[in-house]
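Structure file run38.txt; described as compact mmCIF, C-alpha atoms.
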```txt
# COMPACT_ATOMS: atom_id res chain seq x y z
CA MET A 178 -126.92 -59.75 -99.29
CA ASN A 179 -124.87 -57.01 -97.66
CA ILE A 180 -121.31 -58.35 -97.48
CA GLN A 181 -118.25 -56.52 -96.17
CA GLN A 182 -115.26 -57.07 -98.46
CA THR A 183 -112.42 -57.74 -96.04
CA ARG A 184 -110.14 -60.77 -95.83
CA PHE A 185 -113.29 -62.58 -94.78
CA ALA A 186 -116.93 -61.98 -95.66
CA ILE A 187 -119.28 -60.97 -92.86
CA ARG A 188 -122.96 -61.69 -93.04
CA PHE A 189 -124.99 -58.72 -91.84
CA ALA A 190 -128.41 -60.28 -92.46
CA PRO A 191 -130.20 -62.64 -90.06
CA VAL A 192 -130.40 -66.36 -90.74
CA TYR A 193 -133.91 -67.46 -91.66
CA GLY A 194 -135.29 -70.95 -92.04
CA PRO A 195 -135.62 -74.11 -89.94
CA SER A 196 -132.01 -74.14 -88.69
CA ALA A 197 -132.55 -70.88 -86.76
CA TRP A 198 -134.75 -72.34 -84.03
CA VAL A 199 -135.20 -71.55 -80.34
CA GLY A 200 -135.68 -74.39 -77.86
CA ASP A 201 -138.83 -72.98 -76.29
CA GLU A 202 -140.47 -72.79 -79.72
CA LEU A 203 -139.85 -76.38 -80.84
CA GLY A 204 -142.79 -77.71 -78.90
CA ASP A 205 -143.62 -81.38 -78.55
CA GLN A 206 -140.86 -83.92 -79.12
CA ALA A 207 -142.94 -85.44 -81.93
CA ASN A 208 -141.38 -82.67 -84.04
CA TRP A 209 -137.86 -84.04 -83.66
CA VAL A 210 -138.14 -87.69 -82.51
CA CYS A 211 -138.71 -90.33 -85.18
CA GLU A 212 -139.98 -93.66 -83.82
CA LEU A 213 -138.68 -96.66 -85.73
CA THR A 214 -141.54 -98.49 -87.39
CA PRO A 215 -141.90 -102.27 -86.95
CA GLU A 216 -140.47 -102.70 -90.47
CA CYS A 217 -137.46 -100.53 -89.59
CA ARG A 218 -136.88 -102.45 -86.39
CA ARG A 219 -136.86 -105.76 -88.26
CA GLU A 220 -134.40 -104.38 -90.80
CA PHE A 221 -132.16 -103.05 -88.01
CA GLU A 222 -132.15 -106.54 -86.45
CA ARG A 223 -130.92 -107.90 -89.77
CA LEU A 224 -128.27 -105.17 -89.93
CA VAL A 225 -126.91 -106.19 -86.51
CA GLN A 226 -126.41 -109.75 -87.74
CA ILE A 227 -124.01 -108.74 -90.53
CA ASP A 228 -120.48 -110.11 -90.32
CA PRO A 229 -118.06 -107.16 -90.60
CA LYS A 230 -115.75 -109.31 -92.75
CA ASP A 231 -118.46 -109.68 -95.39
CA GLN A 232 -119.13 -107.28 -98.24
CA PRO A 233 -121.31 -104.39 -96.95
CA PRO A 234 -124.91 -104.94 -98.08
CA SER A 235 -126.72 -102.59 -100.39
CA ALA A 236 -129.07 -100.04 -98.83
CA SER A 237 -131.74 -101.36 -101.21
CA GLU A 238 -131.92 -104.47 -99.03
CA TYR A 239 -133.22 -102.28 -96.18
CA PRO A 240 -135.82 -100.07 -97.92
CA HIS A 241 -137.79 -98.92 -94.86
CA LEU A 242 -134.75 -98.15 -92.70
CA TYR A 243 -132.94 -96.45 -95.58
CA ALA A 244 -135.96 -94.26 -96.33
CA MET A 245 -136.11 -93.16 -92.68
CA ILE A 246 -132.36 -92.41 -92.64
CA HIS A 247 -132.72 -90.46 -95.89
CA ASN A 248 -135.38 -88.28 -94.27
CA VAL A 249 -133.16 -87.81 -91.20
CA LYS A 250 -130.30 -86.73 -93.46
CA LYS A 251 -132.46 -84.07 -95.12
CA GLU A 252 -133.57 -82.75 -91.72
CA VAL A 253 -130.04 -82.66 -90.34
CA VAL A 254 -128.30 -81.21 -93.40
CA SER A 255 -130.83 -78.68 -94.67
CA GLY A 256 -133.56 -78.56 -92.03
CA ARG A 257 -133.60 -78.14 -88.26
CA GLY A 258 -130.06 -79.53 -87.95
CA PHE A 259 -130.77 -82.43 -85.60
CA ALA A 260 -133.00 -85.46 -85.20
CA VAL A 261 -133.41 -88.45 -82.89
CA LEU A 262 -134.29 -91.97 -84.03
CA ARG A 263 -135.98 -93.89 -81.22
CA GLY A 264 -136.46 -97.59 -80.67
CA ALA A 265 -133.49 -99.36 -82.23
CA PRO A 266 -133.60 -102.97 -80.90
CA ILE A 267 -130.18 -103.18 -79.22
CA GLU A 268 -130.93 -105.20 -76.08
CA GLY A 269 -128.81 -108.31 -75.76
CA ARG A 270 -126.65 -107.48 -78.78
CA GLU A 271 -122.88 -107.79 -78.77
CA LEU A 272 -121.12 -104.43 -78.77
CA SER A 273 -119.05 -105.36 -81.82
CA ALA A 274 -122.25 -106.14 -83.75
CA LEU A 275 -123.79 -102.82 -82.72
CA LYS A 276 -120.68 -100.99 -83.90
CA THR A 277 -120.87 -102.65 -87.31
CA ALA A 278 -124.58 -101.91 -87.70
CA PHE A 279 -124.14 -98.32 -86.52
CA ARG A 280 -121.28 -97.72 -88.97
CA LEU A 281 -123.32 -99.08 -91.86
CA LEU A 282 -126.32 -97.00 -90.84
CA GLY A 283 -124.18 -93.87 -90.65
CA SER A 284 -122.65 -94.56 -94.06
CA TRP A 285 -126.08 -93.94 -95.58
CA ILE A 286 -125.73 -90.34 -94.39
CA GLY A 287 -122.01 -89.69 -94.93
CA ALA A 288 -118.51 -91.13 -94.81
CA PRO A 289 -117.37 -92.22 -91.32
CA VAL A 290 -114.06 -90.55 -90.45
CA SER A 291 -111.37 -91.11 -87.83
CA GLN A 292 -111.94 -89.57 -84.40
CA ASN A 293 -108.60 -90.19 -82.69
CA ARG A 294 -105.00 -91.32 -83.09
CA MET A 295 -106.16 -94.96 -83.10
CA ASP A 296 -108.14 -94.20 -86.28
CA GLU A 297 -111.40 -95.33 -84.70
CA THR A 298 -114.49 -94.53 -86.75
CA VAL A 299 -116.84 -95.80 -84.05
CA THR A 300 -115.80 -94.50 -80.64
CA GLU A 301 -117.06 -95.62 -77.24
CA VAL A 302 -118.24 -92.59 -75.26
CA THR A 303 -117.84 -93.53 -71.60
CA GLY A 304 -116.21 -92.18 -68.45
CA LEU A 305 -112.70 -93.51 -67.82
CA ASP A 306 -111.21 -94.25 -64.41
CA ALA A 307 -108.39 -91.82 -65.09
CA ASP A 308 -107.07 -88.41 -64.11
CA THR A 309 -109.30 -86.15 -66.20
CA SER A 310 -106.95 -83.20 -65.68
CA LYS A 311 -104.38 -84.78 -67.99
CA SER A 312 -104.18 -82.99 -71.33
CA GLU A 313 -104.52 -86.16 -73.41
CA ILE A 314 -107.89 -87.05 -71.86
CA ARG A 315 -110.70 -85.97 -74.17
CA GLY A 316 -114.02 -84.62 -72.94
CA TYR A 317 -116.06 -87.63 -74.04
CA GLN A 318 -113.85 -89.84 -71.85
CA THR A 319 -114.89 -88.02 -68.66
CA ARG A 320 -118.05 -87.83 -66.56
CA ASP A 321 -117.71 -84.04 -66.36
CA TYR A 322 -120.06 -81.41 -67.70
CA LEU A 323 -119.37 -80.76 -71.39
CA PRO A 324 -120.31 -77.17 -72.34
CA PHE A 325 -121.84 -76.35 -75.70
CA HIS A 326 -119.41 -77.13 -78.51
CA CYS A 327 -119.07 -78.50 -82.06
CA ASP A 328 -117.23 -81.63 -83.20
CA SER A 329 -114.78 -81.65 -86.12
CA CYS A 330 -117.00 -83.21 -88.75
CA ASP A 331 -120.15 -82.39 -90.70
CA VAL A 332 -122.51 -84.58 -88.66
CA VAL A 333 -122.04 -86.35 -85.34
CA ALA A 334 -124.20 -89.38 -84.49
CA LEU A 335 -124.64 -90.94 -81.04
CA LEU A 336 -126.20 -94.34 -80.33
CA CYS A 337 -127.19 -94.75 -76.68
CA VAL A 338 -126.38 -98.23 -75.37
CA ARG A 339 -126.71 -97.58 -71.61
CA ARG A 340 -127.71 -94.61 -69.46
CA ALA A 341 -125.73 -93.43 -66.44
CA ARG A 342 -126.98 -94.00 -62.91
CA SER A 343 -127.97 -90.32 -62.88
CA GLY A 344 -127.30 -87.30 -65.07
CA GLY A 345 -125.77 -87.30 -68.54
CA GLU A 346 -128.58 -85.33 -70.18
CA SER A 347 -127.95 -84.09 -73.71
CA ALA A 348 -128.71 -80.56 -74.92
CA VAL A 349 -128.63 -78.89 -78.34
CA VAL A 350 -128.77 -75.22 -79.33
CA SER A 351 -128.94 -73.51 -82.72
CA SER A 352 -125.77 -71.58 -83.54
CA MET A 353 -127.77 -69.84 -86.26
CA SER A 354 -130.14 -68.38 -83.66
CA LEU A 355 -127.14 -67.34 -81.56
CA TYR A 356 -125.81 -65.50 -84.61
CA ASN A 357 -129.09 -63.65 -85.03
CA GLU A 358 -128.93 -62.55 -81.41
CA ILE A 359 -125.34 -61.33 -81.79
CA LEU A 360 -126.25 -59.50 -84.98
CA VAL A 361 -129.01 -57.54 -83.25
CA LYS A 362 -127.45 -56.83 -79.87
CA HIS A 363 -123.66 -57.22 -80.20
CA ARG A 364 -122.79 -56.31 -83.78
CA GLU A 365 -119.62 -54.53 -82.63
CA LEU A 366 -118.09 -57.93 -81.77
CA LEU A 367 -118.75 -59.58 -85.13
CA GLY A 368 -115.18 -59.06 -86.31
CA LEU A 369 -113.82 -61.11 -83.41
CA PHE A 370 -116.22 -63.95 -84.13
CA TYR A 371 -114.97 -64.00 -87.71
CA SER A 372 -111.23 -63.57 -87.02
CA GLY A 373 -111.39 -66.55 -84.68
CA PHE A 374 -109.23 -68.26 -82.06
CA VAL A 375 -106.34 -70.71 -81.78
CA TYR A 376 -107.21 -74.30 -80.76
CA ASP A 377 -105.31 -76.94 -78.82
CA ARG A 378 -105.02 -80.18 -80.79
CA ARG A 379 -104.63 -82.30 -77.62
CA GLY A 380 -101.74 -84.29 -79.07
CA GLU A 381 -103.88 -85.66 -81.91
CA GLN A 382 -101.89 -83.90 -84.67
CA ARG A 383 -99.79 -85.90 -87.08
CA GLY A 384 -96.37 -85.48 -88.63
CA ALA A 385 -95.13 -81.90 -88.76
CA ASP A 386 -98.49 -80.37 -87.81
CA ARG A 387 -98.30 -78.01 -84.86
CA ALA A 388 -99.65 -78.65 -81.36
CA VAL A 389 -102.09 -75.78 -81.88
CA SER A 390 -104.13 -74.71 -84.89
CA SER A 391 -104.06 -71.44 -86.75
CA ARG A 392 -106.92 -69.03 -86.01
CA ILE A 393 -110.26 -70.69 -86.68
CA PRO A 394 -113.38 -68.51 -87.00
CA ILE A 395 -116.30 -69.08 -84.66
CA PHE A 396 -118.51 -67.93 -87.53
CA SER A 397 -117.50 -68.26 -91.16
CA TYR A 398 -119.54 -67.00 -94.11
CA TYR A 399 -118.62 -68.50 -97.46
CA ARG A 400 -120.57 -68.79 -100.72
CA ASP A 401 -123.89 -68.11 -98.98
CA ASP A 402 -123.30 -70.66 -96.18
CA LEU A 403 -122.85 -69.51 -92.58
CA SER A 404 -121.07 -72.10 -90.41
CA CYS A 405 -120.07 -72.25 -86.76
CA ARG A 406 -117.08 -73.82 -84.98
CA TYR A 407 -116.63 -73.58 -81.21
CA VAL A 408 -114.90 -75.48 -78.39
CA ARG A 409 -114.10 -73.11 -75.50
CA GLY A 410 -112.00 -75.64 -73.59
CA LEU A 411 -109.60 -76.12 -76.50
CA ILE A 412 -109.29 -72.36 -76.97
CA GLU A 413 -108.38 -71.98 -73.30
CA SER A 414 -105.88 -74.85 -73.24
CA ALA A 415 -104.19 -73.54 -76.42
CA VAL A 416 -103.08 -70.40 -74.55
CA SER A 417 -100.28 -72.12 -72.62
CA LYS A 418 -99.08 -74.01 -75.71
CA SER A 419 -99.10 -71.01 -78.05
CA GLY A 420 -97.91 -68.47 -75.50
CA ILE A 421 -100.54 -66.05 -76.80
CA ALA A 422 -102.87 -64.83 -74.06
CA LEU A 423 -106.49 -63.98 -74.71
CA SER A 424 -107.20 -60.26 -74.60
CA ALA A 425 -109.96 -58.81 -72.44
CA ILE A 426 -112.18 -58.23 -75.48
CA GLU A 427 -111.58 -61.80 -76.69
CA ARG A 428 -112.65 -63.16 -73.31
CA GLU A 429 -115.70 -60.91 -73.43
CA THR A 430 -116.56 -62.41 -76.82
CA LEU A 431 -116.23 -65.99 -75.57
CA ASP A 432 -118.22 -65.22 -72.40
CA LEU A 433 -120.95 -63.66 -74.51
CA PHE A 434 -121.19 -66.75 -76.71
CA ASP A 435 -121.37 -69.06 -73.69
CA GLY A 436 -123.98 -66.84 -72.08
CA LEU A 437 -126.18 -66.81 -75.17
CA SER A 438 -125.90 -70.58 -75.53
CA ASN A 439 -127.07 -71.06 -71.95
CA ARG A 440 -129.72 -68.36 -71.75
CA PRO A 441 -133.13 -69.68 -70.60
CA GLY A 442 -135.22 -71.10 -73.43
CA ALA A 443 -132.46 -71.11 -76.07
CA ALA A 444 -131.52 -74.79 -75.92
CA LEU A 445 -133.42 -78.04 -76.03
CA SER A 446 -132.59 -80.74 -73.48
CA MET A 447 -133.21 -84.45 -73.87
CA MET A 448 -132.29 -87.69 -72.14
CA LEU A 449 -131.12 -90.26 -74.66
CA GLU A 450 -132.54 -93.69 -73.87
CA PRO A 451 -131.03 -97.06 -74.88
CA GLY A 452 -131.79 -97.52 -78.58
CA ASP A 453 -131.94 -93.77 -79.31
CA ILE A 454 -129.73 -92.40 -82.11
CA GLN A 455 -129.10 -88.65 -82.13
CA PHE A 456 -127.80 -86.84 -85.22
CA CYS A 457 -126.45 -83.25 -85.08
CA ASN A 458 -125.18 -80.88 -87.77
CA ASN A 459 -121.97 -79.37 -86.38
CA HIS A 460 -122.10 -76.35 -88.70
CA THR A 461 -125.50 -75.08 -87.54
CA MET A 462 -125.75 -76.48 -84.01
CA LEU A 463 -123.84 -76.93 -80.77
CA HIS A 464 -124.35 -79.76 -78.31
CA ALA A 465 -123.65 -80.23 -74.61
CA ARG A 466 -123.94 -82.84 -71.86
CA THR A 467 -124.55 -82.53 -68.15
CA ALA A 468 -122.20 -84.21 -65.66
CA TYR A 469 -123.21 -87.66 -64.47
CA ASP A 470 -122.74 -90.24 -61.72
CA ASP A 471 -122.19 -93.78 -62.85
CA PHE A 472 -122.36 -97.34 -61.60
CA ALA A 473 -119.33 -99.02 -60.06
CA GLU A 474 -119.72 -102.10 -62.28
CA PRO A 475 -118.12 -101.51 -65.70
CA HIS A 476 -120.82 -103.49 -67.54
CA LYS A 477 -123.51 -101.15 -66.19
CA ARG A 478 -121.80 -97.84 -66.92
CA ARG A 479 -123.07 -95.20 -69.30
CA LEU A 480 -122.08 -96.05 -72.85
CA LEU A 481 -122.77 -94.38 -76.16
CA LEU A 482 -121.30 -95.14 -79.56
CA ARG A 483 -120.20 -92.13 -81.61
CA LEU A 484 -119.76 -91.65 -85.35
CA TRP A 485 -118.23 -88.66 -87.08
CA LEU A 486 -119.61 -88.31 -90.60
CA ASN A 487 -118.46 -86.10 -93.46
CA ILE A 488 -120.84 -85.42 -96.35
CA PRO A 489 -119.11 -84.22 -99.53
CA GLY A 490 -120.76 -81.10 -100.92
CA CYS A 491 -123.14 -80.62 -98.01
CA ARG A 492 -121.76 -77.18 -97.14
CA ASN A 493 -119.46 -74.51 -98.54
CA LEU A 494 -116.54 -74.05 -96.13
CA ALA A 495 -113.93 -71.29 -96.32
CA PRO A 496 -110.24 -72.34 -96.41
CA ASP A 497 -109.47 -70.74 -93.01
CA PHE A 498 -112.38 -72.71 -91.55
CA VAL A 499 -111.23 -76.03 -93.01
CA THR A 500 -107.74 -75.63 -91.47
CA ARG A 501 -109.27 -76.96 -88.27
CA TYR A 502 -108.32 -80.37 -89.67
CA THR A 503 -104.59 -79.93 -90.38
CA ASP A 504 -102.11 -77.12 -91.05
CA ASP A 505 -102.54 -77.37 -94.82
CA GLY A 506 -106.32 -77.71 -94.64
CA GLN A 507 -106.37 -81.22 -96.05
CA TRP A 508 -108.25 -84.09 -94.42
CA LYS A 509 -105.75 -86.74 -93.32
CA GLY A 510 -108.02 -89.04 -91.39
CA ILE A 511 -107.95 -87.15 -88.11
CA ALA A 512 -109.28 -83.78 -86.97
CA SER A 513 -107.04 -81.03 -85.65
CA SER A 514 -109.26 -79.94 -82.76
CA LEU A 515 -111.24 -82.59 -80.97
CA VAL A 516 -113.62 -83.11 -78.07
```
Can the structure in the file be given as structure tokens, please?
Amino acid sequence: MNIQQTRFAIRFAPVYGPSAWVGDELGDQANWVCELTPECRREFERLVQIDPKDQPPSASEYPHLYAMIHNVKKEVVSGRGFAVLRGAPIEGRELSALKTAFRLLGSWIGAPVSQNRMDETVTEVTGLDADTSKSEIRGYQTRDYLPFHCDSCDVVALLCVRRARSGGESAVVSSMSLYNEILVKHRELLGLFYSGFVYDRRGEQRGADRAVSSRIPIFSYYRDDLSCRYVRGLIESAVSKSGIALSAIERETLDLFDGLSNRPGAALSMMLEPGDIQFCNNHTMLHARTAYDDFAEPHKRRLLLRLWLNIPGCRNLAPDFVTRYTDDGQWKGIASSLV
């Protein structure tokens, strides 16, 4: 591998393998949707009945469901980078029971981690009746369009409970394929992708941690692993807090990345249906959501449950990439830049 020895390593070779896909080339959804078998559905129904106060059951008690989740984990961590489980029997279930079952299911892939200052490991993704311009409102709490971005964990999982009245379509794109495109056509900007940008922490920092992060690379190459981290909105909102304006060439770099993410045929769009569970690798993929209109009645509104999962040893991450969590780079139960 041709590596430039600077303060960071730059990968000058394309990314090969299943994670470097293009939406137009994925073909039929049978390639990325896994229908739950009758045996898996029955085991999921048992999982929903678990009392959260009881000792968590062993995965061996759910052999069919565990085997399917194990295959999903392999696909998400070292394969295409995403998968959708379809057909979880959720109708008529209490939300608290679904949260417990979802957390247990996710724990077979990785460790659920906190997503906000309330230390929630299972978060309700739904539009709030609030002023979305306020800085403390997070993207998942709005009905607005969410551009392509990564979350601050290894894998993000979404369980669809209810669809919106209209809109709310999900999309995924391979950051590895974006890298290949940049390498071929925009190599002169590679240094900016590796030197990175400052992120707004949206008030989620703890203790003496700053309101903004240090510079976090968009692409980081470390011990043979290329990883991506990108949330344009948090880069933009960090400018006023840090007092450091983006240069013209930095804006050109961000605009290029957004343009490549949204170029025709690059991404794959999907509408998550009730009972669907989507898993995405944040290091090799970005995800987005279209804006949506919702019902007036709260009990009918779009609702997804979200898990952030960390998988020890799943990827080599450089120290300047890990500082996205806290100033000293240590995980303290909450991420430093959040969506």
From the options A:Gly442, A:Phe370, A:Arg342, A:Val350, which residue's atoms come nearest to Glu474 (chain A), counting only C-alpha atoms?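 Going through A:Gly442, A:Phe370, A:Arg342, A:Val350 one by one, the smallest distance to Glu474 (chain A) is for A:Arg342.
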Which residue, A:Cys217, A:Leu282, A:Met353, A:Leu463, has the smallest gap to Tyr398 (chain A) when you use only C-alpha atoms? A:Met353
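CA of Asp453 (chain A) is positioned 6.1 Å from CA of Gly264 (chain A).
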Closest atom pairs, region 392-491 of chain A residues within 12 Å of region 189-193 of chain A, only C-alpha atoms, as a Markdown table:
```
| residue | atom | partner | partner_atom | distance |
| --- | --- | --- | --- | --- |
| A:Tyr398 | CA | A:Phe189 | CA | 10.2 |
| A:Asp401 | CA | A:Val192 | CA | 10.6 |
| A:Asp402 | CA | A:Val192 | CA | 9.9 |
| A:Leu403 | CA | A:Val192 | CA | 8.4 |
| A:Ser404 | CA | A:Val192 | CA | 11.0 |
| A:Thr461 | CA | A:Val192 | CA | 10.5 |
```
Can I get the residues of region 263-354 of chain A within 9 Å of region 476-497 of chain A, each with the closest pair of atoms and their distance in Å to one decimal, using only C-alpha atoms, sorted chain first then ascending number, as a tab-separated table?
```
residue	atom	partner	partner_atom	distance
A:Leu275	CA	A:Leu482	CA	8.7
A:Lys276	CA	A:Leu482	CA	7.3
A:Phe279	CA	A:Leu484	CA	8.1
A:Arg280	CA	A:Leu484	CA	7.2
A:Gly283	CA	A:Leu486	CA	7.2
A:Ser284	CA	A:Leu486	CA	7.8
A:Ile286	CA	A:Ile488	CA	7.2
A:Gly287	CA	A:Ile488	CA	4.6
A:Ala288	CA	A:Leu486	CA	5.2
A:Pro289	CA	A:Leu486	CA	4.6
A:Val290	CA	A:Trp485	CA	5.7
A:Ser291	CA	A:Trp485	CA	7.3
A:Gln292	CA	A:Trp485	CA	6.9
A:Thr298	CA	A:Leu484	CA	6.2
A:Val299	CA	A:Leu484	CA	5.2
A:Thr300	CA	A:Arg483	CA	5.1
A:Glu301	CA	A:Leu482	CA	4.9
A:Val302	CA	A:Leu481	CA	5.0
A:Thr303	CA	A:Leu480	CA	5.1
A:Gly304	CA	A:Arg479	CA	7.5
A:Asp328	CA	A:Trp485	CA	8.1
A:Ser329	CA	A:Trp485	CA	7.9
A:Cys330	CA	A:Asn487	CA	5.7
A:Asp331	CA	A:Asn487	CA	4.9
A:Val332	CA	A:Leu486	CA	5.1
A:Val333	CA	A:Trp485	CA	4.8
A:Ala334	CA	A:Leu484	CA	5.1
A:Leu335	CA	A:Arg483	CA	4.6
A:Leu336	CA	A:Leu482	CA	5.0
A:Cys337	CA	A:Leu481	CA	4.5
A:Val338	CA	A:Leu481	CA	5.3
A:Arg339	CA	A:Arg479	CA	4.9
A:Arg340	CA	A:Arg479	CA	4.7
A:Ala341	CA	A:Arg479	CA	4.3
A:Arg342	CA	A:Arg479	CA	7.6
A:Gly345	CA	A:Arg479	CA	8.4
```
Taking into account all atoms listed in the file, which residue in the set A:Ser343, A:Ser352, A:Ser446, A:Gln318 is nearest to Asn458 (chain A)?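 Looking only at the distances to Asn458 (chain A), the closest residue turns out to be A:Ser352.
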Quick one: everything within 7 Å of Arg406 (chain A), counting only C-alpha atoms, minus sequence neighbours fewer than 2 positions away in the same chain. Send it as a list in words.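 Listing them by chain and then by number gives Cys327, Pro394, Ile395, Phe396, Ser404 and His460 of chain A.
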Ranking A:Ile359, A:Leu323, A:Ala443, A:Ile412 by minimum distance to Arg466 (chain A) and counting all atoms listed in the file, which one comes first?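 Under the stated criterion, the closest residue is A:Leu323.
The nearest approach to Pro195 (chain A) among the residues A:Arg263, A:Arg257, A:His241, A:Lys362, with all atoms listed in the file taken into account, belongs to A:Arg257.
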May I ask for the distance between CA of Leu423 (chain A) and CA of Val375 (chain A), given in Å to one decimal place?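 Going from CA of Leu423 (chain A) over to CA of Val375 (chain A) covers 9.8 Å.
Of note, CA of Leu224 (chain A) and CA of Ala260 (chain A) are spaced 20.8 Å apart.
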